[in-house]
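What follows is one structure encoded as structure tokens, with my remarks underneath.
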Amino acid sequence: MAADPPKTDRITSAEICLPVDDLKTEMPFFLTDLGFRLEEIYPADDPAVAVISGHGLRIRLDRGQPSGPGHLHLRCTDPKAFAGGKQSLTSPSGHVIDIVDANPKLQTPETRHAFLVRHMRDSDSWVIGRAGMRYRDLIPDRLGGSIIASHIRIPDGGPVPDMVHYHTVGFQLIFCLSGWVRLVYEDQGAPFILEAGNCVIQPPQIRHRVLEASDNVEVLEIGVPAEHMTTIDHEMTLPNAEVNPARKWQGTRFLHHKAKEANWAPWRLAGWESRDTGIDRATGGLAGVHVARALDGSEGWSRHEGDILFTFVKTGAMTLEVADKAPHPLVAGDAFVVPPFLPTRYSGMSPDCEIIEVSLPGGFETESV
């Protein structure tokens, strides 16, 4: 008895998959010379996959795609109900057709805890990522894929070659370290300037665009999980007509934290104070972000019970001490990750020392040891 034919009404689009050596050289050929347009790209810091469309065709340029027979992706609304639930089909000539979910759920890998210190002096070169921005990876192993932290530079000021886009992501922070950038976000009104010392969180799939930057702007960008899709929205124009600051995207509302309006209060570590960015409340407890500074030089040992605790030295200098390990002198631009239950202490803080601490979840226990 012949099998039932596939239910083709579940297919949203088809992609021809082409192997590429380097997207930086391949994309200008397809976008400029051939007139295709960009639809999706990831990861942002070192793009390996780009989906382009044009002339009635959708193409997936994939750095990890093996050469050989032709490869086709069928994006399906219900993969299990298509072609008997098979994940892959092969044509008589050997061409491979992968059945993929048209709307995949965001998967955040379980955190692979590790102690890590990343110095500004590390010899790794900055790489050119999305929209020509320079990226420096602050967590090379991504803690098993659970988080990415990038130090980003835009060396030359002026208009930024960005498009309206969104990220399929769980949590995303943009903290301006120096200079300024002009941004615009869906439902948030007119474009605005993100100044040094200020930050925003980008809720999942909020449409936005980077419009302009000062010379030598630097930002800290945090994304959870580490690998997430960036999708271009060719239909939306920003700013859009609706203004709704209270809107939530998957439980998170947009937030623009301004340092000049913040209050300093005692922090989780004795002898320190911090300004709470309000991100814990805006994300419903998913993540927290504090800018902290030492008050009286307190250097007590402590340990935390959170899942992810990432720290970036914003200004000044300090020393990170870890139980049974050599101390780590740190300066501005250095970063570190402290896993749960590992005793540490901060010492030797310079008068101008400030740190940015990002935690997941937003609330967690800290105890003196």
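Numbering starts fresh at 1 for the residues of each chain in the structure tokens, the chains themselves are lettered A, B, ... in the order given, and ligands are numbered from 1 as they appear.
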Range 142-224 of chain A: which residues are strand (DSSP E) by DSSP, as a ChimeraX atom specification?
/A:148-154,158-159,165-168,171-178,180-185,192-195,199-201,208-213,217-224
Spatial neighbours of Val338 in chain A, max dist 8 Å, only C-alpha atoms, sep filter under 5 positions, as a PyMOL selection string: chain A and resi 114-116+308-310
Nearby residues (only C-alpha atoms) at most 9 Å from Glu357 in chain A, same-chain spacing under 3 positions excluded, as number ranges by chain:
A: 288-292, 309-313
- [ ] Pick out the closest residue to Ile279 in chain A from this set: A:Met236, A:Cys353, A:Val358, A:Leu211. Count only C-alpha atoms.
- [x]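 Looking only at the distances to Ile279 in chain A, the closest residue turns out to be A:Val358.
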Practice prompt. Excluding Ser91 in chain A and any residue of its chain fewer than 6 positions from it, enumerate the residues within 12 Å of it, using only C-alpha atoms, and give them as a PyMOL selection string.
Written response: chain A and resi 69-72+97-98
Would you save the residues of that selection, restricted to N, CA, C and O atoms, as a short mmCIF file (atom, residue, chain, number, x, y, z; two decimals), in the first residue's frame?
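File produced: selection_20.cif:
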data_model
loop_
_atom_site.label_atom_id
_atom_site.label_comp_id
_atom_site.auth_asym_id
_atom_site.auth_seq_id
_atom_site.Cartn_x
_atom_site.Cartn_y
_atom_site.Cartn_z
N PRO A 69 26.45 16.39 -2.40
CA PRO A 69 25.13 16.49 -3.02
C PRO A 69 24.42 17.77 -2.60
O PRO A 69 24.74 18.39 -1.58
N GLY A 70 23.42 18.16 -3.37
CA GLY A 70 22.62 19.33 -3.02
C GLY A 70 21.89 19.14 -1.70
O GLY A 70 21.60 18.00 -1.28
N HIS A 71 21.63 20.24 -1.02
CA HIS A 71 21.00 20.19 0.29
C HIS A 71 19.84 21.17 0.28
O HIS A 71 19.99 22.31 -0.16
N LEU A 72 18.69 20.74 0.81
CA LEU A 72 17.51 21.58 0.84
C LEU A 72 16.88 21.53 2.22
O LEU A 72 16.75 20.45 2.81
N ILE A 97 17.17 16.36 1.74
CA ILE A 97 16.14 17.32 2.13
C ILE A 97 15.90 17.16 3.62
O ILE A 97 15.43 16.11 4.08
N ASP A 98 16.27 18.19 4.40
CA ASP A 98 16.06 18.17 5.85
C ASP A 98 14.72 18.82 6.17
O ASP A 98 14.39 19.90 5.66
#
Sorted per-residue table, range 87-145 of chain A near range 43-54 of chain A, closest atoms and distance, 8 Å, only C-alpha atoms, as a tab-separated table:
residue	atom	partner	partner_atom	distance
A:Val127	CA	A:Asp46	CA	6.9
A:Ile128	CA	A:Asp46	CA	7.0
A:Gly129	CA	A:Asp45	CA	4.6
A:Arg130	CA	A:Ala44	CA	5.4
A:Arg134	CA	A:Asp45	CA	7.9
A:Tyr135	CA	A:Asp45	CA	5.6
A:Arg136	CA	A:Asp45	CA	7.9
A:Asp137	CA	A:Asp45	CA	7.9
Surrounding residues of His228 in chain A excluding itself and chain neighbours under 2 positions, 7 Å, only C-alpha atoms, as a ChimeraX atom specification
/A:42-43,167-169,225-226,230
Tell me, counting only C-alpha atoms, for each residue of range 61-129 of chain A within 9 Å of range 138-153 of chain A, which pair of atoms is nearest and how far apart they are in Å to one decimal, in rows ordered by chain and increasing number, as a Markdown table.
| residue | atom | partner | partner_atom | distance |
| --- | --- | --- | --- | --- |
| A:Thr108 | CA | A:Ser146 | CA | 5.8 |
| A:Pro109 | CA | A:Ser146 | CA | 5.2 |
| A:Glu110 | CA | A:Ser146 | CA | 6.4 |
| A:Thr111 | CA | A:Ser146 | CA | 5.4 |
| A:Arg112 | CA | A:Leu143 | CA | 4.8 |
| A:His113 | CA | A:Leu143 | CA | 6.0 |
| A:Ala114 | CA | A:Leu143 | CA | 6.9 |
| A:Leu116 | CA | A:Ile139 | CA | 7.6 |
| A:Val117 | CA | A:Ile139 | CA | 8.5 |
| A:Arg118 | CA | A:Leu138 | CA | 6.0 |
| A:His119 | CA | A:Leu138 | CA | 8.5 |
| A:Trp126 | CA | A:Ile152 | CA | 8.8 |
*With only C-alpha atoms as the basis for distance, which of A:Pro155, A:Gly300, A:Pro161, A:Pro329 is at the shortest distance from Gly179 in chain A?*
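Looking at the shortest contact to Gly179 in chain A, the residue is A:Pro155.
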Legend entry - Contacts of Lys248 in chain A within 12 Å, only C-alpha atoms, excl. fewer than 2 positions in-chain, as a list of chain:residue names: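 Skipping anything fewer than 2 positions along the chain leaves A:Glu186, A:Asp187, A:Gln188, A:Ile201, A:Gln202, A:Pro203, A:Pro204, A:Gln205, A:Ile206, A:Asn244, A:Pro245, A:Ala246, A:Gln250, A:Gly251, A:Thr252, A:Arg253, A:Phe254, A:Leu255, A:Ala282, A:Thr283, A:Gly284.
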Residues as selected, all heavy atoms, written as a compact mmCIF listing (two decimals), in the first residue's frame, can you do that?
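Written file, part24.txt:
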# COMPACT_ATOMS: atom_id res chain seq x y z
N GLU A 186 10.86 49.25 18.69
CA GLU A 186 9.44 49.05 18.46
C GLU A 186 8.62 49.48 19.68
O GLU A 186 8.94 49.11 20.82
CB GLU A 186 9.19 47.57 18.16
CG GLU A 186 7.75 47.18 17.92
CD GLU A 186 7.61 45.68 17.68
OE1 GLU A 186 8.62 44.94 17.78
OE2 GLU A 186 6.47 45.25 17.40
N ASP A 187 7.60 50.28 19.45
CA ASP A 187 6.65 50.73 20.48
C ASP A 187 7.25 51.65 21.53
O ASP A 187 6.61 51.94 22.54
CB ASP A 187 6.00 49.54 21.19
CG ASP A 187 4.99 48.81 20.31
OD1 ASP A 187 4.88 49.15 19.12
OD2 ASP A 187 4.32 47.90 20.82
N GLN A 188 8.49 52.14 21.32
CA GLN A 188 9.14 52.98 22.33
C GLN A 188 9.28 54.43 21.88
O GLN A 188 9.96 55.21 22.54
CB GLN A 188 10.51 52.40 22.68
CG GLN A 188 10.49 50.95 23.10
CD GLN A 188 9.51 50.66 24.23
OE1 GLN A 188 9.50 51.36 25.24
NE2 GLN A 188 8.69 49.62 24.06
N ILE A 201 17.76 46.82 27.91
CA ILE A 201 17.54 45.40 27.66
C ILE A 201 16.61 45.30 26.46
O ILE A 201 15.68 46.09 26.31
CB ILE A 201 16.97 44.63 28.87
CG1 ILE A 201 15.74 45.32 29.45
CG2 ILE A 201 18.04 44.42 29.91
CD1 ILE A 201 15.05 44.47 30.50
N GLN A 202 16.92 44.33 25.61
CA GLN A 202 16.16 44.11 24.38
C GLN A 202 15.30 42.86 24.58
O GLN A 202 15.82 41.74 24.51
CB GLN A 202 17.11 43.96 23.19
CG GLN A 202 17.94 45.21 22.97
CD GLN A 202 18.90 45.14 21.81
OE1 GLN A 202 19.39 46.15 21.34
NE2 GLN A 202 19.21 43.94 21.34
N PRO A 203 14.01 43.03 24.84
CA PRO A 203 13.14 41.86 25.04
C PRO A 203 13.16 40.95 23.83
O PRO A 203 13.48 41.37 22.71
CB PRO A 203 11.75 42.49 25.25
CG PRO A 203 12.02 43.87 25.72
CD PRO A 203 13.27 44.29 25.00
N PRO A 204 12.81 39.68 24.01
CA PRO A 204 12.81 38.74 22.89
C PRO A 204 11.96 39.24 21.72
O PRO A 204 10.79 39.57 21.89
CB PRO A 204 12.21 37.47 23.50
CG PRO A 204 12.49 37.58 24.96
CD PRO A 204 12.40 39.04 25.27
N GLN A 205 12.56 39.34 20.55
CA GLN A 205 11.91 39.65 19.28
C GLN A 205 11.40 41.09 19.18
O GLN A 205 10.62 41.39 18.27
CB GLN A 205 10.79 38.64 18.99
CG GLN A 205 11.31 37.22 18.88
CD GLN A 205 10.30 36.23 18.34
OE1 GLN A 205 9.23 36.60 17.90
NE2 GLN A 205 10.64 34.95 18.38
N ILE A 206 11.84 41.99 20.03
CA ILE A 206 11.49 43.39 19.84
C ILE A 206 12.26 43.91 18.62
O ILE A 206 13.46 43.70 18.48
CB ILE A 206 11.81 44.25 21.09
CG1 ILE A 206 11.29 45.68 20.92
CG2 ILE A 206 13.29 44.23 21.42
CD1 ILE A 206 11.41 46.54 22.17
N ASN A 244 3.93 52.19 23.29
CA ASN A 244 3.41 51.39 24.40
C ASN A 244 4.56 50.92 25.27
O ASN A 244 4.99 49.77 25.20
CB ASN A 244 2.61 50.20 23.87
CG ASN A 244 2.00 49.36 24.97
OD1 ASN A 244 1.94 49.78 26.13
ND2 ASN A 244 1.53 48.16 24.63
N PRO A 245 5.09 51.82 26.13
CA PRO A 245 6.26 51.46 26.95
C PRO A 245 6.01 50.28 27.89
O PRO A 245 6.96 49.61 28.30
CB PRO A 245 6.54 52.74 27.73
CG PRO A 245 5.88 53.83 26.95
CD PRO A 245 4.68 53.21 26.34
N ALA A 246 4.77 50.03 28.24
CA ALA A 246 4.46 48.96 29.20
C ALA A 246 4.33 47.59 28.54
O ALA A 246 4.17 46.58 29.23
CB ALA A 246 3.17 49.29 29.96
N GLN A 250 7.18 38.24 25.80
CA GLN A 250 7.49 36.99 26.51
C GLN A 250 7.89 37.27 27.96
O GLN A 250 8.85 36.70 28.49
CB GLN A 250 8.58 36.22 25.76
CG GLN A 250 8.20 35.84 24.34
CD GLN A 250 9.29 35.13 23.59
OE1 GLN A 250 10.11 34.42 24.18
NE2 GLN A 250 9.33 35.30 22.27
N GLY A 251 7.15 38.16 28.60
CA GLY A 251 7.35 38.44 30.01
C GLY A 251 8.37 39.50 30.33
O GLY A 251 8.59 39.82 31.50
N THR A 252 9.03 40.07 29.31
CA THR A 252 10.05 41.09 29.52
C THR A 252 9.61 42.40 28.87
O THR A 252 9.15 42.40 27.73
CB THR A 252 11.39 40.65 28.92
OG1 THR A 252 11.87 39.50 29.63
CG2 THR A 252 12.44 41.76 29.03
N ARG A 253 9.77 43.50 29.59
CA ARG A 253 9.48 44.80 29.00
C ARG A 253 10.78 45.54 28.69
O ARG A 253 11.81 45.30 29.32
CB ARG A 253 8.60 45.66 29.93
CG ARG A 253 9.22 46.00 31.27
CD ARG A 253 8.28 46.87 32.09
NE ARG A 253 8.83 47.15 33.41
CZ ARG A 253 9.70 48.13 33.67
NH1 ARG A 253 10.11 48.92 32.69
NH2 ARG A 253 10.16 48.32 34.89
N PHE A 254 10.71 46.41 27.72
CA PHE A 254 11.87 47.22 27.36
C PHE A 254 12.25 48.14 28.52
O PHE A 254 11.39 48.68 29.21
CB PHE A 254 11.56 48.05 26.11
CG PHE A 254 12.68 48.99 25.73
CD1 PHE A 254 13.78 48.53 25.03
CD2 PHE A 254 12.64 50.33 26.11
CE1 PHE A 254 14.82 49.38 24.68
CE2 PHE A 254 13.67 51.19 25.76
CZ PHE A 254 14.75 50.72 25.05
N LEU A 255 13.55 48.32 28.74
CA LEU A 255 14.02 49.20 29.80
C LEU A 255 15.24 49.98 29.34
O LEU A 255 16.17 49.39 28.78
CB LEU A 255 14.39 48.37 31.05
CG LEU A 255 14.93 49.19 32.22
CD1 LEU A 255 13.78 49.75 33.05
CD2 LEU A 255 15.84 48.36 33.11
N ALA A 282 12.21 44.23 35.41
CA ALA A 282 11.74 44.29 34.02
C ALA A 282 11.70 42.91 33.37
O ALA A 282 10.92 42.68 32.45
CB ALA A 282 12.63 45.22 33.22
N THR A 283 12.54 41.98 33.84
CA THR A 283 12.57 40.63 33.27
C THR A 283 11.81 39.62 34.11
O THR A 283 11.85 38.42 33.82
CB THR A 283 14.03 40.14 33.12
OG1 THR A 283 14.65 40.08 34.43
CG2 THR A 283 14.83 41.04 32.21
N GLY A 284 11.13 40.07 35.16
CA GLY A 284 10.41 39.14 36.02
C GLY A 284 11.33 38.22 36.78
O GLY A 284 10.98 37.07 37.06
With distances taken over only C-alpha atoms, the candidate from A:Cys176, A:Val184, A:Leu106, A:Leu342 nearest Val369 in chain A is A:Leu342
Near Ser178 in chain A, counting only C-alpha atoms, which residues have an atom at most 6 Å away, once you skip same-chain residues fewer than 4 positions from it, shown as a tab-separated table (two decimals) with N, CA and C atoms, in the first residue's frame?
chain	number	residue	atom	x	y	z
A	196	ALA	N	27.17	56.76	27.49
A	196	ALA	CA	28.08	55.98	28.31
A	196	ALA	C	27.56	55.90	29.75
A	217	VAL	N	32.91	54.26	19.86
A	217	VAL	CA	31.93	53.79	20.83
A	217	VAL	C	32.25	52.35	21.22
A	218	GLU	N	32.02	52.03	22.49
A	218	GLU	CA	32.23	50.67	23.00
A	218	GLU	C	31.02	50.27	23.82
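The space between CA of Met349 in chain A and CA of Arg275 in chain A spans 17.7 Å.
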